[in-house]
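Data block below; observations after.
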Amino acid sequence: MQPMGGMAARVFSEDDQLAFAVLSGDVNPLHMDPVAARRTQAGAPVVHGVHGLLWALDELSAHFPLETLSTLKVRFERFIPVTQPVELRVVKATETSLRADITLDGIPVTLITLALGPRSVKTPPPHPNPGVRVGAGPEPVRVLSLDQIAETNGHIDHVADATRIAQTFPRLSAKIGPSRIAALASSSRLVGMVCPGLHSIFLKIAVDLVDAPQDHSGIDFTVTRVDQRFRLTTMNIAGDGLLGSVECLVRMPPVAQPAYKELLGWVEPDAFAATTALIVGGSRGLGELTAKLIAAGGGQCLITYAVGQADAQAVAQEINAGGGRCDILPYDVKRDAARQLQALPTRLTHLYYFATPQIFRQKSNLYSPDLARDYLSVYADSFYELCRMLADKEHPLTAFYPSSVAVEERPRDMTEYAMAKSAG
Amino acid sequence: MATEPELYAALTEIFQDIFLRDDLVLTPDLSAKDVEGWDSFKQIEIILASEERFVVKFATKDLDALRSVGDLVRLIQAKSA
């Protein structure tokens with residue numbers, strides 16, 4: 001009855017990210033900040049799941065009778081990295097239902113199930129007396145603990161007006177109305193900005209489209225379940241023609257390294273007095289910790305960063321303010337080392353190599369040559385080039401190259417990473 | 001308490017709903033390596049849906065030992081007894 005298979009393709013750009021953030025009010029750093037996003041499970045900025053969904057529904061509206069859309073169930077299975085091409089494909093279509101996926105490199109990343117037919121006669125619950133009221137204006141992202149989440153309910157006003165919604169998603173707006181689209185966009189703001197807020201990942205939404213009259217705009221929400229074991233939260237939502245629930249993960253916040261002053265007591269003050277160390281990737285994680293320990297032991301550190309300049313500055317400032325010695329230097333291991341590292345001090349004694357690309361990636365096949373090459377360029381090629389360059393200048397030099405449990409255990413879907421790490 | 005065939009029938013519905021696959025047939029030996037997309041998130045979905053369906057609650061240590069559908073069935077039976 002209707003077209004099947006691939007229907008549309010798209011690349012979500014950084015401009016698209018900004019446009020949806022303005023429309024929805026969801027400016028969670030997972031979507032907007034490359035430096036913050038690299039410290040999350042995503043590893044890089046990712047498309048708002050609801051943005052992908054609304055794009056898909058807008059495309060489907062051109063081919064299917066979405067004016068009879070009665071139930072919408074969506075699973076955001078995997079991230080959609082910004083600038084990665086995705087496709088919309090119809091999996092199954094009948095008179096009363098529709099299954100569609102958004103795919104990335106052939107892998108389903110968003111699963112969409114629609115029911116078509118008479119709308120529900122369910123009545124939305126009474127407007128709660130909210131503990132949280134979020135207006136249409138900009139609000140800072142909230143950070144709620146699991147215990148706080150369990151106590152939360154409230155109301156969110158929509159950020160975008162009907163005109164802007166209709167301009168952005170014209171075909172879908174004509175089918176289900178701009179208010180429902182605004183409510184879906186606000187569900188993104190609910191999860192990403194309000195509850196759980198900063199450390200969240202949107203997993204599912206399941207809503208009935210209802211025709212009940214409403215005396216106020218926006219969506220009401222009530223937390224109905226918090227599972228401490230899995231850090232999962234379920235919320236009921238109601239408003240502007242939608243009635244249903246959303247489910248999200250309360251992800252663990254990035255690991256914060258100990259403060260420099262805390263580490264001063266861990267090493268002898270002169271343990272690294274003869275060390276002048278170049279710490280590649282020293283702006284965060286193990287590289288940051290290494291820099292602090294060497295400085296605490298009287299050594300001199302030069303930490304490099306590829307994108308996290310502010311992070312690197314913060315680490316150096318903390319060390320220097322505590323009496324240590326630390327400088328920073330921009331260095332992208334995928335570019336020529338000699339040209340970037342001309343300003344190195346002449347008495348370098350140690351190299352610590354913590355450079356890493358995004359480790360956990362989605363792929364459709366058992367082995368991806370492109371992915372392997374990408375890892376090898378960092379863990380083998382660039383490491384070798386850097387060692388050779390430094391060995392020419394500084395002799396002797398001790399190089400530290402961190403191992404990984406992935407080399408021994410070879411986790412599923414990490415073959416390329418393990419191979420490259422081992423090669424280094 | 002549900003019989004074993006009833007448990008498998010109910011779990012089949014759960015699995016088919018979670019994996020969006022009508023053709024999925026459960027056997028005692030079926031495990032994550034046999035079903036495309038059965039990752040840690042899907043495992044959590046299976047656990048939560050099973051708890052809701054059979055009105056049981058699993059402890060974290062129970063979950064660590066789960067390797068197959070047969071293990072899950074035995075765990076549900078133990079918790080329901």
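Naming scheme: A, B, ... for chains in displayed order of the structure tokens; residues 1 onward per chain; ligands 1 onward as shown.
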
Determine, for each residue of chain A having at least one atom at most 9 Å from an atom of chain B, the closest pair of atoms and their separation in Å to one decimal, counting only C-alpha atoms; order by chain and ascending number, as a Markdown table.
| residue | atom | partner | partner_atom | distance |
| --- | --- | --- | --- | --- |
| A:Glu77 | CA | B:Phe41 | CA | 8.5 |
| A:Leu111 | CA | B:Leu20 | CA | 8.9 |
| A:Arg229 | CA | B:Thr60 | CA | 7.2 |
| A:Phe230 | CA | B:Ile44 | CA | 7.4 |

Could you turn the residues from that selection into a file that holds N, CA and C atoms, as a PDB file, in the first residue's frame?
ATOM      1  N   GLU A  77      17.792   3.403  20.644  1.00  0.00           N
ATOM      2  CA  GLU A  77      18.668   2.270  20.961  1.00  0.00           C
ATOM      3  C   GLU A  77      20.141   2.649  21.018  1.00  0.00           C
ATOM      4  N   LEU A 111      14.096   2.983  16.929  1.00  0.00           N
ATOM      5  CA  LEU A 111      13.031   2.077  16.499  1.00  0.00           C
ATOM      6  C   LEU A 111      11.697   2.752  16.753  1.00  0.00           C
ATOM      7  N   ARG A 229      19.114  -0.245  40.893  1.00  0.00           N
ATOM      8  CA  ARG A 229      20.064  -1.243  40.370  1.00  0.00           C
ATOM      9  C   ARG A 229      20.597  -0.828  39.005  1.00  0.00           C
ATOM     10  N   PHE A 230      19.695  -0.376  38.166  1.00  0.00           N
ATOM     11  CA  PHE A 230      20.075  -0.078  36.779  1.00  0.00           C
ATOM     12  C   PHE A 230      20.107   1.423  36.498  1.00  0.00           C
TER      13      PHE A 230
END

Handout entry: Within 10 Å of Asp71 of chain B using only C-alpha atoms, minus same-chain residues under 6 positions, as a count of residues only
Key = 8

Problem - Pairwise distance for atom CA of Gly43 of chain A and atom CA of Asp16 of chain A, rounded to one decimal in Å - result: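 Answer for the atom CA of Gly43 of chain A to atom CA of Asp16 of chain A separation: 19.0 Å.
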
Practice task
Return as a ChimeraX atom specification the full set of residues in segment 202-406 of chain A whose backbone-based DSSP assignment is strand (DSSP E or B).
Solution key: /A:202-210,219-227,232-239,242-250,276-280,300-305,325-330,350-353,398-400

What's around Phe79 of chain A at 9 Å? Count only C-alpha atoms, leave out sequence neighbours fewer than 3 positions away in its own chain, and write the answer as a PDB file with all heavy atoms, in the first residue's frame.
ATOM      1  N   ALA A  42      28.710   8.697  25.027  1.00  0.00           N
ATOM      2  CA  ALA A  42      28.601   8.994  23.600  1.00  0.00           C
ATOM      3  C   ALA A  42      29.964   9.275  22.998  1.00  0.00           C
ATOM      4  O   ALA A  42      30.206   8.964  21.828  1.00  0.00           O
ATOM      5  CB  ALA A  42      27.666  10.180  23.389  1.00  0.00           C
ATOM      6  N   VAL A  46      25.959  14.193  20.236  1.00  0.00           N
ATOM      7  CA  VAL A  46      25.004  13.332  19.530  1.00  0.00           C
ATOM      8  C   VAL A  46      23.689  14.066  19.325  1.00  0.00           C
ATOM      9  O   VAL A  46      23.339  14.997  20.068  1.00  0.00           O
ATOM     10  CB  VAL A  46      24.753  12.015  20.307  1.00  0.00           C
ATOM     11  CG1 VAL A  46      26.002  11.146  20.287  1.00  0.00           C
ATOM     12  CG2 VAL A  46      24.302  12.273  21.732  1.00  0.00           C
ATOM     13  N   VAL A  47      22.972  13.622  18.310  1.00  0.00           N
ATOM     14  CA  VAL A  47      21.689  14.229  17.956  1.00  0.00           C
ATOM     15  C   VAL A  47      20.678  13.958  19.077  1.00  0.00           C
ATOM     16  O   VAL A  47      20.666  12.867  19.654  1.00  0.00           O
ATOM     17  CB  VAL A  47      21.199  13.622  16.619  1.00  0.00           C
ATOM     18  CG1 VAL A  47      19.814  14.149  16.257  1.00  0.00           C
ATOM     19  CG2 VAL A  47      22.205  13.917  15.514  1.00  0.00           C
ATOM     20  N   HIS A  48      19.841  14.956  19.374  1.00  0.00           N
ATOM     21  CA  HIS A  48      18.740  14.714  20.306  1.00  0.00           C
ATOM     22  C   HIS A  48      17.875  13.574  19.727  1.00  0.00           C
ATOM     23  O   HIS A  48      17.445  13.663  18.560  1.00  0.00           O
ATOM     24  CB  HIS A  48      17.849  15.953  20.428  1.00  0.00           C
ATOM     25  CG  HIS A  48      18.545  17.193  20.913  1.00  0.00           C
ATOM     26  ND1 HIS A  48      19.357  17.954  20.110  1.00  0.00           N
ATOM     27  CD2 HIS A  48      18.496  17.832  22.109  1.00  0.00           C
ATOM     28  CE1 HIS A  48      19.788  18.999  20.791  1.00  0.00           C
ATOM     29  NE2 HIS A  48      19.293  18.951  22.009  1.00  0.00           N
ATOM     30  N   GLY A  49      17.608  12.576  20.530  1.00  0.00           N
ATOM     31  CA  GLY A  49      16.797  11.467  20.022  1.00  0.00           C
ATOM     32  C   GLY A  49      15.460  11.927  19.478  1.00  0.00           C
ATOM     33  O   GLY A  49      14.995  11.447  18.432  1.00  0.00           O
ATOM     34  N   PHE A  76      15.145   4.695  21.655  1.00  0.00           N
ATOM     35  CA  PHE A  76      16.397   5.293  21.207  1.00  0.00           C
ATOM     36  C   PHE A  76      17.504   4.309  21.584  1.00  0.00           C
ATOM     37  O   PHE A  76      18.037   4.341  22.689  1.00  0.00           O
ATOM     38  CB  PHE A  76      16.603   6.656  21.866  1.00  0.00           C
ATOM     39  CG  PHE A  76      15.448   7.596  21.636  1.00  0.00           C
ATOM     40  CD1 PHE A  76      14.605   7.959  22.668  1.00  0.00           C
ATOM     41  CD2 PHE A  76      15.186   8.108  20.367  1.00  0.00           C
ATOM     42  CE1 PHE A  76      13.533   8.816  22.475  1.00  0.00           C
ATOM     43  CE2 PHE A  76      14.117   8.963  20.153  1.00  0.00           C
ATOM     44  CZ  PHE A  76      13.285   9.321  21.207  1.00  0.00           C
ATOM     45  N   VAL A 109      19.197   2.522  14.941  1.00  0.00           N
ATOM     46  CA  VAL A 109      19.546   3.330  16.119  1.00  0.00           C
ATOM     47  C   VAL A 109      18.298   3.882  16.810  1.00  0.00           C
ATOM     48  O   VAL A 109      18.324   4.138  18.013  1.00  0.00           O
ATOM     49  CB  VAL A 109      20.504   4.488  15.758  1.00  0.00           C
ATOM     50  CG1 VAL A 109      21.867   3.959  15.370  1.00  0.00           C
ATOM     51  CG2 VAL A 109      19.937   5.355  14.637  1.00  0.00           C
ATOM     52  N   THR A 110      17.236   4.071  16.059  1.00  0.00           N
ATOM     53  CA  THR A 110      15.954   4.509  16.631  1.00  0.00           C
ATOM     54  C   THR A 110      14.854   3.633  16.050  1.00  0.00           C
ATOM     55  O   THR A 110      14.726   3.528  14.826  1.00  0.00           O
ATOM     56  CB  THR A 110      15.667   5.981  16.281  1.00  0.00           C
ATOM     57  OG1 THR A 110      16.751   6.791  16.722  1.00  0.00           O
ATOM     58  CG2 THR A 110      14.385   6.456  16.946  1.00  0.00           C
ATOM     59  N   GLN A 362      29.868   2.335  17.255  1.00  0.00           N
ATOM     60  CA  GLN A 362      28.895   1.453  16.634  1.00  0.00           C
ATOM     61  C   GLN A 362      29.430   1.009  15.274  1.00  0.00           C
ATOM     62  O   GLN A 362      30.033   1.779  14.561  1.00  0.00           O
ATOM     63  CB  GLN A 362      27.572   2.197  16.452  1.00  0.00           C
ATOM     64  CG  GLN A 362      26.964   2.609  17.761  1.00  0.00           C
ATOM     65  CD  GLN A 362      25.992   3.760  17.654  1.00  0.00           C
ATOM     66  OE1 GLN A 362      25.248   4.015  18.564  1.00  0.00           O
ATOM     67  NE2 GLN A 362      25.991   4.489  16.558  1.00  0.00           N
TER      68      GLN A 362
END

May I have the residues within 8 Å of Leu26 of chain B as an mmCIF file with N, CA, C and O atoms, in the first residue's frame, using only C-alpha atoms and disregarding those fewer than 3 positions away in the same chain?
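Full text of around.cif as output:
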data_model
loop_
_atom_site.group_PDB
_atom_site.id
_atom_site.type_symbol
_atom_site.label_atom_id
_atom_site.label_comp_id
_atom_site.auth_asym_id
_atom_site.auth_seq_id
_atom_site.Cartn_x
_atom_site.Cartn_y
_atom_site.Cartn_z
ATOM 1 N N TYR B 8 7.636 -20.052 29.362
ATOM 2 C CA TYR B 8 8.282 -19.833 28.054
ATOM 3 C C TYR B 8 7.375 -19.027 27.125
ATOM 4 O O TYR B 8 7.845 -18.176 26.363
ATOM 5 N N LEU B 11 7.527 -15.429 28.314
ATOM 6 C CA LEU B 11 8.838 -14.836 27.995
ATOM 7 C C LEU B 11 9.002 -14.617 26.491
ATOM 8 O O LEU B 11 9.647 -13.661 26.059
ATOM 9 N N THR B 12 8.412 -15.515 25.713
ATOM 10 C CA THR B 12 8.469 -15.315 24.259
ATOM 11 C C THR B 12 7.816 -13.992 23.877
ATOM 12 O O THR B 12 8.341 -13.232 23.059
ATOM 13 N N LEU B 30 19.134 -20.610 24.588
ATOM 14 C CA LEU B 30 19.270 -19.329 23.880
ATOM 15 C C LEU B 30 19.959 -18.298 24.783
ATOM 16 O O LEU B 30 19.602 -18.131 25.948
ATOM 17 N N VAL B 69 18.343 -18.235 28.515
ATOM 18 C CA VAL B 69 16.909 -18.164 28.807
ATOM 19 C C VAL B 69 16.538 -19.213 29.865
ATOM 20 O O VAL B 69 15.721 -18.954 30.754
#

Handout entry: For Ala19 of chain A: contacts at 10 Å, only C-alpha atoms, fewer than 5 positions along chain excluded, given as a list in words
Key =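 My reading of the contact set: Ser13, Glu14, Ser24, Gly25, His51 and Thr168 of chain A.
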
How about saving the chosen residues, all heavy atoms kept, as a PDB file, in the first residue's frame?
ATOM      1  N   SER A  13      23.614  18.323  11.227  1.00  0.00           N
ATOM      2  CA  SER A  13      24.799  19.177  11.352  1.00  0.00           C
ATOM      3  C   SER A  13      24.824  19.881  12.712  1.00  0.00           C
ATOM      4  O   SER A  13      23.854  19.803  13.489  1.00  0.00           O
ATOM      5  CB  SER A  13      24.776  20.235  10.252  1.00  0.00           C
ATOM      6  OG  SER A  13      23.696  21.135  10.485  1.00  0.00           O
ATOM      7  N   GLU A  14      25.894  20.568  12.980  1.00  0.00           N
ATOM      8  CA  GLU A  14      25.964  21.351  14.223  1.00  0.00           C
ATOM      9  C   GLU A  14      24.916  22.455  14.221  1.00  0.00           C
ATOM     10  O   GLU A  14      24.351  22.799  15.268  1.00  0.00           O
ATOM     11  CB  GLU A  14      27.367  21.925  14.393  1.00  0.00           C
ATOM     12  CG  GLU A  14      28.392  20.842  14.696  1.00  0.00           C
ATOM     13  CD  GLU A  14      29.819  21.369  14.718  1.00  0.00           C
ATOM     14  OE1 GLU A  14      30.010  22.592  14.602  1.00  0.00           O
ATOM     15  OE2 GLU A  14      30.732  20.542  14.845  1.00  0.00           O
ATOM     16  N   SER A  24      13.543  23.241  21.341  1.00  0.00           N
ATOM     17  CA  SER A  24      13.097  22.396  22.460  1.00  0.00           C
ATOM     18  C   SER A  24      13.493  22.942  23.828  1.00  0.00           C
ATOM     19  O   SER A  24      12.865  22.615  24.838  1.00  0.00           O
ATOM     20  CB  SER A  24      13.700  20.995  22.311  1.00  0.00           C
ATOM     21  OG  SER A  24      15.122  21.055  22.421  1.00  0.00           O
ATOM     22  N   GLY A  25      14.573  23.735  23.869  1.00  0.00           N
ATOM     23  CA  GLY A  25      15.111  24.162  25.160  1.00  0.00           C
ATOM     24  C   GLY A  25      16.060  23.145  25.763  1.00  0.00           C
ATOM     25  O   GLY A  25      16.535  23.323  26.886  1.00  0.00           O
ATOM     26  N   HIS A  51      14.762  14.754  18.192  1.00  0.00           N
ATOM     27  CA  HIS A  51      14.969  15.446  16.918  1.00  0.00           C
ATOM     28  C   HIS A  51      14.955  14.436  15.774  1.00  0.00           C
ATOM     29  O   HIS A  51      14.291  14.633  14.751  1.00  0.00           O
ATOM     30  CB  HIS A  51      16.295  16.206  16.961  1.00  0.00           C
ATOM     31  CG  HIS A  51      16.479  17.159  15.816  1.00  0.00           C
ATOM     32  ND1 HIS A  51      17.670  17.789  15.571  1.00  0.00           N
ATOM     33  CD2 HIS A  51      15.633  17.580  14.840  1.00  0.00           C
ATOM     34  CE1 HIS A  51      17.547  18.568  14.507  1.00  0.00           C
ATOM     35  NE2 HIS A  51      16.323  18.456  14.038  1.00  0.00           N
ATOM     36  N   THR A 168       9.350  24.172  11.019  1.00  0.00           N
ATOM     37  CA  THR A 168      10.419  23.170  11.125  1.00  0.00           C
ATOM     38  C   THR A 168       9.949  21.786  10.685  1.00  0.00           C
ATOM     39  O   THR A 168      10.698  21.060  10.039  1.00  0.00           O
ATOM     40  CB  THR A 168      10.948  23.118  12.571  1.00  0.00           C
ATOM     41  OG1 THR A 168      11.235  24.452  13.021  1.00  0.00           O
ATOM     42  CG2 THR A 168      12.207  22.278  12.656  1.00  0.00           C
TER      43      THR A 168
END

Exercise for the section: Would you kindly return, as a list in words, each protein, DNA or RNA residue with an atom no farther than 9 Å from any atom of Asp332 of chain A, considering only C-alpha atoms and excluding same-chain residues fewer than 3 positions away? Expected result: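 Once the adjacent positions are removed, what remains is Thr304, Tyr305, Ala306, Val307, Arg335, Asp336, Ala337, Gln340 and Ala355 of chain A.
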
Problem - Residue among B:Leu72, B:Met1, B:Leu7, B:Ala78 lying closest to Ile47 of chain B, counting only C-alpha atoms - result: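 Checking each of B:Leu72, B:Met1, B:Leu7, B:Ala78 against Ile47 of chain B, counting only C-alpha atoms, the winner is B:Leu72.
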
Problem - Members of segment 253-392 of chain A assigned alpha helix (DSSP H) by DSSP, as an NGL selection string - result: :A and (260-263 or 285-296 or 309-321 or 337-340 or 369-376 or 383-392)

Could the residues in this selection be saved with C-alpha atoms as an mmCIF file, in the first residue's frame?
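Saved the output as out16.cif:
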data_model
loop_
_atom_site.group_PDB
_atom_site.id
_atom_site.type_symbol
_atom_site.label_atom_id
_atom_site.label_comp_id
_atom_site.auth_asym_id
_atom_site.auth_seq_id
_atom_site.Cartn_x
_atom_site.Cartn_y
_atom_site.Cartn_z
ATOM 1 C CA TYR A 260 46.413 18.045 43.332
ATOM 2 C CA LYS A 261 46.662 18.975 46.994
ATOM 3 C CA GLU A 262 45.171 15.623 47.980
ATOM 4 C CA LEU A 263 47.924 13.864 46.056
ATOM 5 C CA GLY A 285 41.540 10.970 33.004
ATOM 6 C CA LEU A 286 44.711 8.976 33.616
ATOM 7 C CA GLY A 287 46.796 11.624 31.874
ATOM 8 C CA GLU A 288 45.564 14.256 34.310
ATOM 9 C CA LEU A 289 46.246 11.972 37.258
ATOM 10 C CA THR A 290 49.755 11.192 35.969
ATOM 11 C CA ALA A 291 50.551 14.899 35.623
ATOM 12 C CA LYS A 292 49.388 15.620 39.160
ATOM 13 C CA LEU A 293 51.397 12.750 40.641
ATOM 14 C CA ILE A 294 54.602 13.683 38.823
ATOM 15 C CA ALA A 295 54.213 17.321 39.811
ATOM 16 C CA ALA A 296 53.475 16.292 43.394
ATOM 17 C CA GLN A 309 42.072 23.457 26.086
ATOM 18 C CA ALA A 310 39.997 24.659 29.022
ATOM 19 C CA ASP A 311 40.417 21.306 30.769
ATOM 20 C CA ALA A 312 44.177 21.409 30.230
ATOM 21 C CA GLN A 313 44.369 24.969 31.523
ATOM 22 C CA ALA A 314 42.412 23.997 34.613
ATOM 23 C CA VAL A 315 44.732 21.080 35.383
ATOM 24 C CA ALA A 316 47.863 23.225 34.903
ATOM 25 C CA GLN A 317 46.427 26.044 36.968
ATOM 26 C CA GLU A 318 45.565 23.667 39.800
ATOM 27 C CA ILE A 319 49.068 22.155 39.804
ATOM 28 C CA ASN A 320 50.858 25.495 39.564
ATOM 29 C CA ALA A 321 48.670 27.055 42.254
ATOM 30 C CA ALA A 337 54.276 15.835 15.526
ATOM 31 C CA ALA A 338 57.485 17.678 14.684
ATOM 32 C CA ARG A 339 55.621 20.759 13.496
ATOM 33 C CA GLN A 340 53.371 20.909 16.556
ATOM 34 C CA PRO A 369 39.093 -1.940 8.318
ATOM 35 C CA ASP A 370 38.415 1.807 8.508
ATOM 36 C CA LEU A 371 37.956 1.651 12.251
ATOM 37 C CA ALA A 372 41.106 -0.436 12.667
ATOM 38 C CA ARG A 373 43.069 2.067 10.587
ATOM 39 C CA ASP A 374 41.745 4.932 12.687
ATOM 40 C CA TYR A 375 42.833 3.272 15.931
ATOM 41 C CA LEU A 376 46.170 2.201 14.465
ATOM 42 C CA PHE A 383 53.063 6.851 18.896
ATOM 43 C CA TYR A 384 55.930 5.592 16.747
ATOM 44 C CA GLU A 385 56.364 8.952 15.021
ATOM 45 C CA LEU A 386 56.438 10.763 18.344
ATOM 46 C CA CYS A 387 58.930 8.344 19.903
ATOM 47 C CA ARG A 388 61.199 8.577 16.872
ATOM 48 C CA MET A 389 61.079 12.347 16.915
ATOM 49 C CA LEU A 390 61.806 12.576 20.628
ATOM 50 C CA ALA A 391 64.510 9.915 20.466
ATOM 51 C CA ASP A 392 66.261 11.978 17.855
#

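Atom pair atom CA of Ala21 of chain A / atom CA of Val50 of chain A: separated by 10.9 Å.
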
Practice task
Compile the contact shell of Tyr417 of chain A as a PyMOL selection string: residues with an atom at most 8 Å away, counting only C-alpha atoms, same-chain residues fewer than 3 positions apart removed.
Solution key: chain A and resi 359+372+375+406+414+420-421

Give me a file of those residues, with C-alpha atoms, as a PDB file, in the first residue's frame.
ATOM      1  CA  ILE A 359      36.846   3.870  22.103  1.00  0.00           C
ATOM      2  CA  ALA A 372      41.106  -0.436  12.667  1.00  0.00           C
ATOM      3  CA  TYR A 375      42.833   3.272  15.931  1.00  0.00           C
ATOM      4  CA  ALA A 406      40.741  -5.173  26.012  1.00  0.00           C
ATOM      5  CA  MET A 414      36.160  -4.062  20.304  1.00  0.00           C
ATOM      6  CA  ALA A 420      45.571  -1.440  17.542  1.00  0.00           C
ATOM      7  CA  LYS A 421      46.256  -1.156  21.241  1.00  0.00           C
TER       8      LYS A 421
END

Exercise for the section: Considering only C-alpha atoms, state which residue in the set B:Ser80, B:Gln43, B:Thr27, B:Ser50 is at the smallest distance from Leu66 of chain B. Expected result: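 Counting only C-alpha atoms, the residue closest to Leu66 of chain B is B:Gln43.
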